[in-house]
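For reference, start.cif (mmCIF, C-alpha atoms):
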```
data_final
loop_
_atom_site.label_atom_id
_atom_site.label_comp_id
_atom_site.auth_asym_id
_atom_site.auth_seq_id
_atom_site.Cartn_x
_atom_site.Cartn_y
_atom_site.Cartn_z
CA MET E 1 -68.47 63.94 -0.63
CA THR E 2 -70.88 61.04 -1.01
CA ASP E 3 -72.49 59.46 -4.07
CA GLU E 4 -76.04 58.41 -4.37
CA THR E 5 -75.45 55.29 -2.21
CA GLY E 6 -74.11 57.39 0.64
CA PHE E 7 -70.49 56.15 0.48
CA GLU E 8 -67.34 58.12 -0.04
CA PRO E 9 -65.61 56.43 -3.09
CA GLU E 10 -62.06 57.76 -2.39
CA LYS E 11 -62.15 56.75 1.28
CA GLU E 12 -63.36 53.26 0.36
CA SER E 13 -60.63 52.67 -2.25
CA THR E 14 -57.93 53.82 0.23
CA GLU E 15 -59.25 51.37 2.81
CA TYR E 16 -59.14 48.54 0.29
CA GLY E 17 -55.59 49.55 -0.71
CA ARG E 18 -54.43 49.40 2.91
CA ILE E 19 -55.90 45.93 3.37
CA ALA E 20 -54.26 44.73 0.14
CA LEU E 21 -50.90 46.20 1.14
CA LYS E 22 -51.11 44.58 4.57
CA GLY E 23 -51.86 41.21 2.93
CA LEU E 24 -48.99 41.65 0.49
CA LYS E 25 -46.56 42.42 3.33
CA ARG E 26 -47.66 39.33 5.23
CA THR E 27 -47.30 37.11 2.13
CA THR E 28 -43.87 38.55 1.36
CA SER E 29 -42.74 37.96 4.94
CA VAL E 30 -43.93 34.34 4.91
CA THR E 31 -42.28 33.74 1.51
CA LEU E 32 -38.99 35.21 2.71
CA ARG E 33 -39.01 33.11 5.87
CA THR E 34 -39.79 29.94 3.90
CA THR E 35 -37.03 30.72 1.37
CA ALA E 36 -34.49 31.37 4.14
CA PHE E 37 -35.44 28.09 5.84
CA LEU E 38 -35.14 26.10 2.60
CA ALA E 39 -31.80 27.77 1.77
CA ALA E 40 -30.45 26.80 5.19
CA VAL E 41 -31.61 23.21 4.72
CA ILE E 42 -30.02 23.01 1.25
CA LEU E 43 -26.78 24.58 2.55
CA LEU E 44 -26.56 22.03 5.36
CA ALA E 45 -27.17 19.18 2.92
CA VAL E 46 -24.46 20.47 0.55
CA VAL E 47 -21.93 20.94 3.37
CA GLY E 48 -22.73 17.47 4.69
CA ALA E 49 -22.26 15.90 1.29
CA ALA E 50 -18.99 17.75 0.72
CA SER E 51 -17.41 16.35 3.88
CA PRO E 52 -18.48 12.71 3.92
CA SER E 53 -15.65 11.67 6.26
CA ARG E 54 -17.38 13.38 9.17
CA ALA E 55 -21.02 13.07 8.18
CA ASP E 56 -22.98 10.67 10.36
CA GLY E 57 -19.81 9.07 11.83
CA VAL E 58 -18.72 7.71 8.45
CA GLN E 59 -14.99 7.63 7.76
CA TYR E 60 -12.87 6.43 4.87
CA VAL E 61 -9.55 4.58 4.85
CA THR E 62 -7.34 4.00 1.82
CA LEU E 63 -5.06 0.99 2.04
CA LEU E 64 -2.03 0.83 -0.26
CA TYR E 65 -0.02 -2.36 -0.30
CA THR E 66 3.18 -3.55 -1.90
CA GLY E 67 4.95 -6.89 -1.99
CA ASP E 68 8.11 -8.56 -3.22
CA LEU E 69 9.88 -5.18 -3.24
CA LYS E 70 13.15 -5.00 -5.08
CA GLY E 71 15.38 -2.00 -4.60
CA ASP E 72 15.37 -0.54 -8.09
CA VAL E 73 11.61 0.12 -8.18
CA LEU E 74 11.29 1.70 -4.75
CA SER E 75 12.42 5.18 -5.72
CA ARG E 76 9.57 5.41 -8.21
CA LYS E 77 7.02 4.82 -5.49
CA GLY E 78 7.97 7.45 -2.99
CA MET U 1 3.04 7.62 -6.47
CA VAL U 2 2.37 7.00 -2.78
CA ASN U 3 2.93 10.68 -1.98
CA LYS U 4 0.56 11.64 -4.78
CA LEU U 5 -2.14 9.37 -3.36
CA ARG U 6 -1.55 10.72 0.12
CA GLY U 7 -2.48 14.13 -1.26
CA THR U 8 -5.74 12.98 -2.84
CA GLU U 9 -7.04 10.12 -0.67
CA ALA U 10 -8.31 10.09 2.91
CA ASN U 11 -6.38 8.35 5.71
CA VAL U 12 -3.80 6.51 3.60
CA VAL U 13 -2.18 3.41 5.14
CA LEU U 14 0.85 1.88 3.42
CA LEU U 15 1.58 -1.82 4.06
CA ASP U 16 4.06 -4.33 2.70
CA CYS U 17 3.36 -8.06 2.41
CA GLY U 18 6.99 -9.15 2.77
CA ASP U 19 9.94 -10.46 0.74
CA PHE U 20 11.68 -7.09 0.63
CA SER U 21 15.02 -8.95 0.48
CA SER U 22 16.47 -9.69 -2.92
CA ASP U 23 16.69 -13.08 -4.58
CA TRP U 24 19.66 -12.16 -6.79
CA GLY U 25 21.97 -14.62 -5.07
CA TYR U 26 24.30 -11.92 -3.75
CA GLY U 27 24.17 -8.78 -1.59
CA GLN U 28 20.89 -9.73 0.08
CA GLU U 29 21.76 -7.93 3.30
CA ILE U 30 22.90 -4.77 1.47
CA ALA U 31 19.70 -4.68 -0.60
CA ALA U 32 17.49 -5.41 2.42
CA GLU U 33 19.14 -2.63 4.43
CA ALA U 34 18.66 -0.06 1.64
CA THR U 35 15.07 -1.22 1.05
CA LEU U 36 14.18 -0.96 4.74
CA LYS U 37 15.71 2.55 4.92
CA ALA U 38 13.62 3.54 1.93
CA MET U 39 10.51 2.01 3.49
CA ASN U 40 11.16 4.09 6.63
CA GLY U 41 11.38 7.18 4.42
CA MET U 42 8.16 6.29 2.63
CA GLY U 43 6.23 6.03 5.88
CA TYR U 44 5.15 2.40 5.84
CA ALA U 45 2.63 1.70 8.58
CA ALA U 46 3.45 -2.03 8.91
CA ALA U 47 5.05 -4.90 7.01
CA ALA U 48 5.00 -8.68 7.08
CA LEU U 49 8.02 -10.94 6.55
CA GLY U 50 8.46 -13.33 3.65
CA PRO U 51 10.63 -16.45 3.33
CA LEU U 52 13.30 -14.45 1.46
CA ASP U 53 13.58 -12.08 4.42
CA LEU U 54 13.98 -14.98 6.81
CA ALA U 55 16.69 -16.40 4.55
CA LEU U 56 18.91 -13.58 5.85
CA GLY U 57 19.13 -15.53 9.10
CA PRO U 58 17.81 -14.69 12.58
CA GLU U 59 20.72 -12.54 13.75
CA SER U 60 21.16 -10.58 10.56
CA LEU U 61 17.41 -9.95 10.13
CA ALA U 62 16.95 -8.96 13.79
CA GLY U 63 19.84 -6.51 13.40
CA LEU U 64 18.26 -4.92 10.33
CA LEU U 65 14.82 -4.69 11.96
CA LYS U 66 16.23 -2.75 14.91
CA ASN U 67 16.37 0.34 12.69
CA VAL U 68 12.89 -0.04 11.26
CA ALA U 69 10.32 2.61 12.19
CA PHE U 70 7.21 0.47 11.61
CA PRO U 71 5.92 -2.77 13.18
CA VAL U 72 6.88 -6.03 11.48
CA VAL U 73 4.00 -8.43 11.95
CA THR U 74 4.77 -12.15 12.19
CA SER U 75 2.01 -13.71 14.22
CA ASN U 76 3.07 -17.34 13.80
CA LEU U 77 6.88 -17.12 14.00
CA VAL U 78 7.64 -17.41 17.71
CA ASN U 79 10.67 -17.93 19.89
CA GLY U 80 11.25 -21.62 20.63
CA GLU U 81 11.65 -21.03 24.38
CA THR U 82 9.58 -18.00 25.30
CA GLY U 83 6.84 -18.27 22.67
CA ARG U 84 7.21 -14.55 21.96
CA PRO U 85 6.82 -13.57 18.31
CA PHE U 86 9.79 -12.62 16.18
CA GLY U 87 8.99 -9.01 15.40
CA THR U 88 5.82 -7.37 16.66
CA GLY U 89 3.35 -10.23 16.29
CA GLN U 90 0.33 -8.16 15.35
CA ALA U 91 -0.19 -4.39 15.33
CA VAL U 92 -2.96 -1.82 15.81
CA PHE U 93 -2.55 1.84 14.83
CA GLU U 94 -4.80 4.80 14.06
CA ARG U 95 -5.33 6.94 10.97
CA GLY U 96 -7.72 9.88 11.18
CA GLY U 97 -9.66 8.31 14.04
CA VAL U 98 -9.92 4.87 12.35
CA ARG U 99 -8.21 1.98 14.17
CA ILE U 100 -6.44 -0.44 11.84
CA GLY U 101 -5.25 -3.88 12.91
CA VAL U 102 -2.69 -5.93 10.94
CA VAL U 103 -1.87 -9.62 11.31
CA GLY U 104 0.87 -11.43 9.36
CA VAL U 105 1.48 -15.15 8.81
CA LEU U 106 4.03 -17.39 7.07
CA PRO U 107 3.63 -20.95 5.78
CA GLY U 108 5.80 -23.33 7.80
CA ASP U 109 6.92 -25.53 4.88
CA GLU U 110 8.38 -22.57 2.98
CA VAL U 111 10.28 -21.37 6.03
CA LYS U 112 11.72 -24.87 6.54
CA GLU U 113 12.92 -24.83 2.95
CA THR U 114 14.28 -21.28 2.57
CA ALA U 115 15.28 -20.37 6.12
CA PRO U 116 16.23 -23.53 8.04
CA ALA U 117 18.51 -21.46 10.31
CA PHE U 118 15.42 -20.08 12.04
CA LEU U 119 14.21 -23.51 13.05
CA GLU U 120 17.57 -25.12 13.91
CA LYS U 121 17.93 -26.31 17.50
CA GLY U 122 14.42 -25.11 18.24
CA LEU U 123 15.50 -21.47 18.04
CA PHE U 124 12.12 -20.46 16.60
CA ARG U 125 8.88 -22.28 15.94
CA ILE U 126 6.28 -21.81 13.21
CA LEU U 127 2.75 -22.15 14.57
CA PRO U 128 -0.01 -23.44 12.28
CA MET U 129 -1.39 -20.45 10.37
CA GLU U 130 -5.02 -20.98 11.40
CA GLU U 131 -4.19 -21.26 15.10
CA ALA U 132 -2.00 -18.15 15.04
CA VAL U 133 -4.46 -16.05 13.01
CA ARG U 134 -7.40 -17.05 15.21
CA LYS U 135 -5.47 -16.06 18.34
CA ALA U 136 -4.21 -12.77 16.86
CA VAL U 137 -7.62 -11.78 15.48
CA GLY U 138 -9.24 -12.59 18.83
CA GLU U 139 -6.76 -10.29 20.57
CA ILE U 140 -6.94 -7.24 18.31
CA ARG U 141 -10.44 -7.37 16.77
CA PRO U 142 -12.02 -5.49 19.71
CA LYS U 143 -9.37 -2.76 19.31
CA ALA U 144 -9.63 -2.35 15.51
CA ASP U 145 -12.24 -0.95 13.12
CA VAL U 146 -10.51 -2.50 10.07
CA LEU U 147 -8.55 -5.75 10.30
CA ILE U 148 -6.09 -6.76 7.57
CA LEU U 149 -4.38 -10.15 7.18
CA LEU U 150 -1.04 -10.18 5.33
CA SER U 151 -0.51 -13.81 4.36
CA GLN U 152 2.50 -15.45 2.73
CA GLY U 153 0.34 -18.49 2.16
CA THR U 154 -0.96 -19.38 -1.27
CA PHE U 155 -4.18 -17.80 -2.51
CA GLU U 156 -6.09 -21.00 -1.73
CA GLU U 157 -4.61 -21.29 1.76
CA THR U 158 -5.49 -17.66 2.45
CA CYS U 159 -9.08 -18.16 1.24
CA ARG U 160 -9.42 -21.15 3.56
CA LEU U 161 -8.02 -19.11 6.46
CA VAL U 162 -10.54 -16.28 6.09
CA GLU U 163 -13.38 -18.78 5.78
CA LYS U 164 -12.40 -20.48 9.03
CA VAL U 165 -11.45 -17.37 11.02
CA SER U 166 -14.11 -14.67 11.19
CA GLY U 167 -13.40 -11.00 11.92
CA ILE U 168 -10.99 -10.26 9.05
CA ASP U 169 -11.99 -7.42 6.70
CA LEU U 170 -9.42 -8.04 3.97
CA ALA U 171 -6.68 -10.59 3.30
CA VAL U 172 -3.69 -9.99 1.04
CA SER U 173 -2.05 -13.16 -0.26
CA ALA U 174 1.61 -12.94 -1.25
CA GLY U 175 1.88 -16.62 -2.09
CA VAL U 176 1.35 -18.29 -5.45
CA GLY U 177 -2.05 -18.59 -7.09
CA LYS U 178 -4.89 -16.21 -7.73
CA ALA U 179 -8.67 -16.13 -8.00
CA VAL U 180 -10.00 -18.68 -10.49
CA PRO U 181 -13.19 -17.80 -12.37
CA GLY U 182 -16.04 -19.95 -11.12
CA ALA U 183 -14.29 -20.97 -7.90
CA PRO U 184 -16.18 -20.37 -4.63
CA VAL U 185 -15.49 -16.87 -3.34
CA PRO U 186 -15.09 -16.37 0.42
CA LYS U 187 -17.21 -13.71 2.12
CA THR U 188 -14.06 -11.89 3.17
CA PRO U 189 -12.30 -10.35 0.17
CA VAL U 190 -8.89 -11.85 -0.65
CA VAL U 191 -6.54 -9.96 -2.97
CA THR U 192 -3.12 -10.91 -4.32
CA SER U 193 0.03 -9.03 -3.51
CA PRO U 194 1.97 -7.34 -6.34
CA GLU U 195 4.89 -9.28 -7.81
CA ARG U 196 8.40 -7.81 -7.89
CA GLY U 197 7.09 -4.47 -6.65
CA ASN U 198 5.80 -3.49 -10.08
CA GLU U 199 2.29 -2.66 -8.90
CA LEU U 200 0.68 -0.92 -5.98
CA GLY U 201 -2.47 -2.41 -4.49
CA PHE U 202 -5.24 0.09 -3.77
CA VAL U 203 -8.22 -0.61 -1.50
CA ARG U 204 -10.74 1.88 -0.11
CA PHE U 205 -12.87 1.17 2.96
CA LYS U 206 -15.89 2.95 4.39
CA VAL U 207 -15.98 2.68 8.17
CA ARG U 208 -19.14 3.32 10.17
CA LYS U 209 -19.73 2.50 13.82
CA GLY U 210 -16.65 0.26 13.91
CA ARG U 211 -17.68 -1.75 10.85
CA ALA U 212 -15.69 -1.65 7.62
CA MET U 213 -17.14 -1.98 4.14
CA LEU U 214 -14.96 -2.49 1.05
CA LEU U 215 -15.78 0.15 -1.57
CA GLU U 216 -13.08 -0.28 -4.18
CA LYS U 217 -10.06 -2.47 -5.01
CA ARG U 218 -7.64 -2.21 -7.91
CA MET U 219 -3.98 -2.37 -8.90
CA ILE U 220 -1.95 0.65 -9.94
CA GLY U 221 0.86 -0.06 -12.40
CA LEU U 222 4.32 1.10 -11.33
CA GLY U 223 6.41 0.47 -14.42
CA CYS U 224 9.95 0.79 -13.11
CA TYR U 225 11.08 3.01 -15.95
CA ASP U 226 7.77 4.72 -16.59
CA PRO U 227 8.57 8.44 -17.06
CA ASP U 228 5.09 9.41 -15.84
CA ILE U 229 6.02 8.41 -12.32
CA PRO U 230 8.54 10.91 -10.96
CA GLU U 231 11.48 9.61 -8.97
CA ASP U 232 11.51 10.46 -5.27
CA GLU U 233 14.91 11.98 -4.50
CA THR U 234 15.08 10.93 -0.85
CA VAL U 235 14.19 7.33 -1.57
CA ALA U 236 16.38 7.22 -4.70
CA SER U 237 19.35 8.36 -2.60
CA PHE U 238 19.36 4.98 -0.83
CA PHE U 239 19.94 3.30 -4.20
CA GLY U 240 22.57 5.72 -5.47
CA ASP U 241 26.21 5.14 -6.41
CA GLU U 242 27.26 3.94 -2.96
CA PHE U 243 24.60 1.21 -3.06
CA LYS U 244 25.55 0.20 -6.61
CA ILE U 245 29.23 -0.05 -5.72
CA LYS U 246 28.46 -2.23 -2.68
CA MET U 247 26.23 -4.48 -4.78
CA ALA U 248 28.81 -4.75 -7.56
CA LYS U 249 31.43 -5.76 -4.99
CA ALA U 250 29.10 -8.36 -3.48
CA ARG U 251 28.39 -9.71 -6.96
CA ARG U 252 32.09 -10.02 -7.76
CA GLU U 253 32.70 -11.80 -4.47
CA ARG U 254 29.87 -14.20 -5.18
CA PHE U 255 30.36 -14.93 -8.87
CA GLY U 256 33.89 -13.77 -9.63
CA ARG U 257 34.90 -10.93 -11.96
CA ARG U 258 33.92 -12.38 -15.33
CA GLU U 259 31.19 -14.81 -14.30
CA ARG U 260 28.17 -12.62 -15.05
CA ARG U 261 27.65 -9.81 -17.50
CA GLU U 262 24.02 -8.91 -16.78
CA PRO U 263 23.26 -5.22 -16.34
CA ILE U 264 23.19 -3.93 -12.78
CA MET U 265 20.12 -1.93 -11.86
CA GLY U 266 19.16 -1.24 -15.48
CA LYS U 267 22.57 0.03 -16.64
CA GLU U 268 23.92 -0.92 -20.07
CA PRO U 269 26.50 -3.68 -20.10
CA SER U 270 30.06 -2.44 -20.12
CA ARG U 271 32.08 -3.38 -23.19
CA PRO U 272 34.57 -6.16 -22.53
CA ALA U 273 38.21 -5.27 -23.13
CA LEU U 274 39.56 -6.77 -26.35
CA PRO U 275 43.23 -7.59 -26.94
CA ALA U 276 44.92 -4.71 -28.82
CA GLU U 277 46.15 -6.96 -31.68
CA THR U 278 42.60 -7.98 -32.59
CA LEU U 279 41.43 -4.37 -33.04
CA LYS U 280 41.62 -2.72 -36.44
CA LYS U 281 41.49 1.04 -36.85
CA GLY U 282 38.17 2.41 -35.61
CA GLU U 283 37.16 -0.77 -33.82
CA GLY U 284 36.65 -0.84 -30.10
CA THR U 285 34.92 2.54 -29.88
CA GLY U 286 31.29 3.62 -29.83
CA PRO U 287 28.29 2.25 -28.00
CA VAL U 288 27.72 -1.46 -27.66
CA LEU U 289 24.19 -2.62 -28.25
CA PRO U 290 22.89 -5.61 -26.32
CA GLY U 291 23.66 -8.80 -28.21
CA THR U 292 26.25 -7.13 -30.46
CA VAL U 293 29.39 -7.59 -28.37
CA PRO U 294 32.11 -8.18 -31.02
CA VAL U 295 33.87 -11.49 -30.87
CA PRO U 296 37.54 -11.46 -31.97
CA GLY U 297 38.07 -13.12 -35.33
CA LYS U 298 34.36 -13.15 -36.12
CA LYS U 299 32.48 -10.72 -38.33
CA PRO U 300 29.68 -8.88 -36.58
#
```
Rewrite the structure from the file as structure tokens, please.
Amino acid sequence: MTDETGFEPEKESTEYGRIALKGLKRTTSVTLRTTAFLAAVILLAVVGAASPSRADGVQYVTLLYTGDLKGDVLSRKG
Amino acid sequence: MVNKLRGTEANVVLLDCGDFSSDWGYGQEIAAEATLKAMNGMGYAAAALGPLDLALGPESLAGLLKNVAFPVVTSNLVNGETGRPFGTGQAVFERGGVRIGVVGVLPGDEVKETAPAFLEKGLFRILPMEEAVRKAVGEIRPKADVLILLSQGTFEETCRLVEKVSGIDLAVSAGVGKAVPGAPVPKTPVVTSPERGNELGFVRFKVRKGRAMLLEKRMIGLGCYDPDIPEDETVASFFGDEFKIKMAKARRERFGRRERREPIMGKEPSRPALPAETLKKGEGTGPVLPGTVPVPGKKP
């Protein structure tokens, strides 16, 4: 069935719907990929920060030093 | 305390700056032996020697050091004939992939005064500190990421040493003196060693591509009778009853039975025996407070 302009209104709206749906799917896919990429980057940054002793060849050393030790205090240090 | 820090800090290295022998005037060898056993148990990585340790004499000290599980660094105390260092000279070891070098030096004048037996008949020689440190640093700097100098020299002497000899990351001075406000500060950090073992020095380094950067330095209080610091049973066992009996015997031999009445190892003084005729009913019992020892014929 056509209107006075010669088009079929239902067919036209379905076509537009399909195009919109296709666009939506593409946008969603791009968004998901971007989110996954950003999440991976953030995760790597967090893991790197949590283990500084290995990140970028950086290591930490803690030096403890005593002096003039006298026997009666030693047992408290062990 | 050390064990606690080992659980929370990365790559802990425990060092001693020397003078682990007592200066009580008696039982030095007994105390040094127990202290060295305890230091073995605590996992010391290296130690330097102080004049009090040398006062034990070459034979006695060498005998004690045979049972020590860590290197004893004395870069400028060398054999009079062979030139080989007494002890290890200098040491390099590894913690978690970081190479740590330790150099130790003693001032010659103090050794002459407190331990003349070492220098008699040319048995040992004390090299000038700067010469010995320069040589030792030159040898181990390429093998170490962090280089520590344990100096028995005064604070001023140690500052001068690190200004003249490059390549040292931190110096610990066990001699007299400390940083004076306004005085010129050397590029290399110099810290003072704790006195009478009542503190623990704490330093944290960041190491990257073989270069060390000092991040933090502070002292941790180790009040001997502080209840917040739990006693380590293994280490305490070296200072148990057997040790106290040996020390009491050495004290009696040195001073005689009634010469000294100071408490031993924090114990209360024992009450002196009073002649029976001077005691009235009820006297002579109960705790004795310091300074309230009753004197016969005198009202308390």
> What is the CA of Ala174 in chain U to CA of Val102 in chain U distance in Å?
Replying inline: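 These two atoms are separated by 14.7 Å.
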>> Can you translate the PyMOL selection byres ((chain U and resi 115) around 8) into the concrete residues it hits in this file, as a ChimeraX atom specification?
In response: /U:51-52,54-57,110-114,116-119
>> Using only C-alpha atoms, which protein or nucleic acid residues come within 12 Å of Val162 in chain U? Drop anything in the same chain fewer than 6 positions from it, and give the result as JSON, numbers by chain.
In response: {"U": [129, 130, 133, 134, 137, 147, 148, 149, 150, 151, 153, 155, 156, 168, 169, 170, 171, 172, 173, 185, 186, 187, 188, 189, 190, 191]}
> In Å to one decimal, how far is CA of Leu123 in chain U from CA of Ser22 in chain U?
Replying inline: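 Calculated distance between CA of Ser22 in chain U and CA of Leu123 in chain U is 24.1 Å.
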> Just how far from CA of Val103 in chain U is CA of Glu81 in chain U, in Å to one decimal?
Replying inline: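 Answer for the CA of Glu81 in chain U to CA of Val103 in chain U separation: 22.0 Å.
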Could you write out as JSON the box around range 110-122 of chain U (axis-aligned, all atoms listed in the file, 8 Å on each side), with centre and edge lengths in Å to one decimal?
```
{"center_x": 13.4, "center_y": -23.2, "center_z": 10.4, "size_x": 26.1, "size_y": 22.2, "size_z": 31.7}
```
>> What are the residues of chain U lining chain E at 6 Å or less? Count all atoms listed in the file, and put the answer as an MDAnalysis selection string.
In response: chainID U and resid 1:2 10:20 35 42 193:197 200:208 224 231:232 235:236
>> Please list, as a list in words, the residues that have an atom at most 7 Å away from (-2.2, -15.3, -7.7) in the coordinates of this file, counting all atoms listed in the file.
In response: Phe155, Val176, Gly177, Lys178, Ala179 and Thr192 of chain U
Can you take the partial range 11-33 of chain E, add N, CA and C atoms, and return it as a short mmCIF file (atom, residue, chain, number, x, y, z; two decimals), in the coordinates of the input?
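This is the output file result_31.cif:
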```
data_model
loop_
_atom_site.label_atom_id
_atom_site.label_comp_id
_atom_site.auth_asym_id
_atom_site.auth_seq_id
_atom_site.Cartn_x
_atom_site.Cartn_y
_atom_site.Cartn_z
N LYS E 11 -62.46 57.33 -0.02
CA LYS E 11 -62.15 56.75 1.28
C LYS E 11 -62.19 55.22 1.20
N GLU E 12 -63.20 54.70 0.47
CA GLU E 12 -63.36 53.26 0.36
C GLU E 12 -62.16 52.62 -0.37
N SER E 13 -61.75 53.24 -1.47
CA SER E 13 -60.63 52.67 -2.25
C SER E 13 -59.33 52.70 -1.44
N THR E 14 -59.14 53.74 -0.62
CA THR E 14 -57.93 53.82 0.23
C THR E 14 -57.93 52.68 1.25
N GLU E 15 -59.13 52.44 1.80
CA GLU E 15 -59.25 51.37 2.81
C GLU E 15 -58.90 50.01 2.20
N TYR E 16 -59.44 49.79 0.99
CA TYR E 16 -59.14 48.54 0.29
C TYR E 16 -57.64 48.43 0.01
N GLY E 17 -57.05 49.51 -0.39
CA GLY E 17 -55.59 49.55 -0.71
C GLY E 17 -54.77 49.16 0.51
N ARG E 18 -55.18 49.70 1.68
CA ARG E 18 -54.43 49.40 2.91
C ARG E 18 -54.51 47.91 3.23
N ILE E 19 -55.73 47.37 3.07
CA ILE E 19 -55.90 45.93 3.37
C ILE E 19 -55.03 45.09 2.42
N ALA E 20 -55.05 45.47 1.15
CA ALA E 20 -54.26 44.73 0.14
C ALA E 20 -52.77 44.81 0.45
N LEU E 21 -52.32 46.01 0.83
CA LEU E 21 -50.90 46.20 1.14
C LEU E 21 -50.48 45.36 2.35
N LYS E 22 -51.38 45.36 3.36
CA LYS E 22 -51.11 44.58 4.57
C LYS E 22 -50.97 43.08 4.21
N GLY E 23 -51.89 42.62 3.37
CA GLY E 23 -51.86 41.21 2.93
C GLY E 23 -50.59 40.89 2.16
N LEU E 24 -50.20 41.83 1.30
CA LEU E 24 -48.99 41.65 0.49
C LEU E 24 -47.75 41.53 1.39
N LYS E 25 -47.70 42.44 2.40
CA LYS E 25 -46.56 42.42 3.33
C LYS E 25 -46.47 41.08 4.05
N ARG E 26 -47.64 40.60 4.49
CA ARG E 26 -47.66 39.33 5.23
C ARG E 26 -47.18 38.18 4.32
N THR E 27 -47.69 38.16 3.09
CA THR E 27 -47.30 37.11 2.13
C THR E 27 -45.80 37.14 1.86
N THR E 28 -45.30 38.39 1.65
CA THR E 28 -43.87 38.55 1.36
C THR E 28 -43.04 38.03 2.55
N SER E 29 -43.48 38.38 3.75
CA SER E 29 -42.74 37.96 4.94
C SER E 29 -42.69 36.42 5.06
N VAL E 30 -43.86 35.81 4.82
CA VAL E 30 -43.93 34.34 4.91
C VAL E 30 -43.03 33.71 3.84
N THR E 31 -43.08 34.27 2.62
CA THR E 31 -42.28 33.74 1.51
C THR E 31 -40.78 33.83 1.85
N LEU E 32 -40.40 35.01 2.37
CA LEU E 32 -38.99 35.21 2.71
C LEU E 32 -38.52 34.21 3.78
N ARG E 33 -39.38 34.04 4.80
CA ARG E 33 -39.01 33.11 5.87
C ARG E 33 -38.87 31.68 5.33
#
```
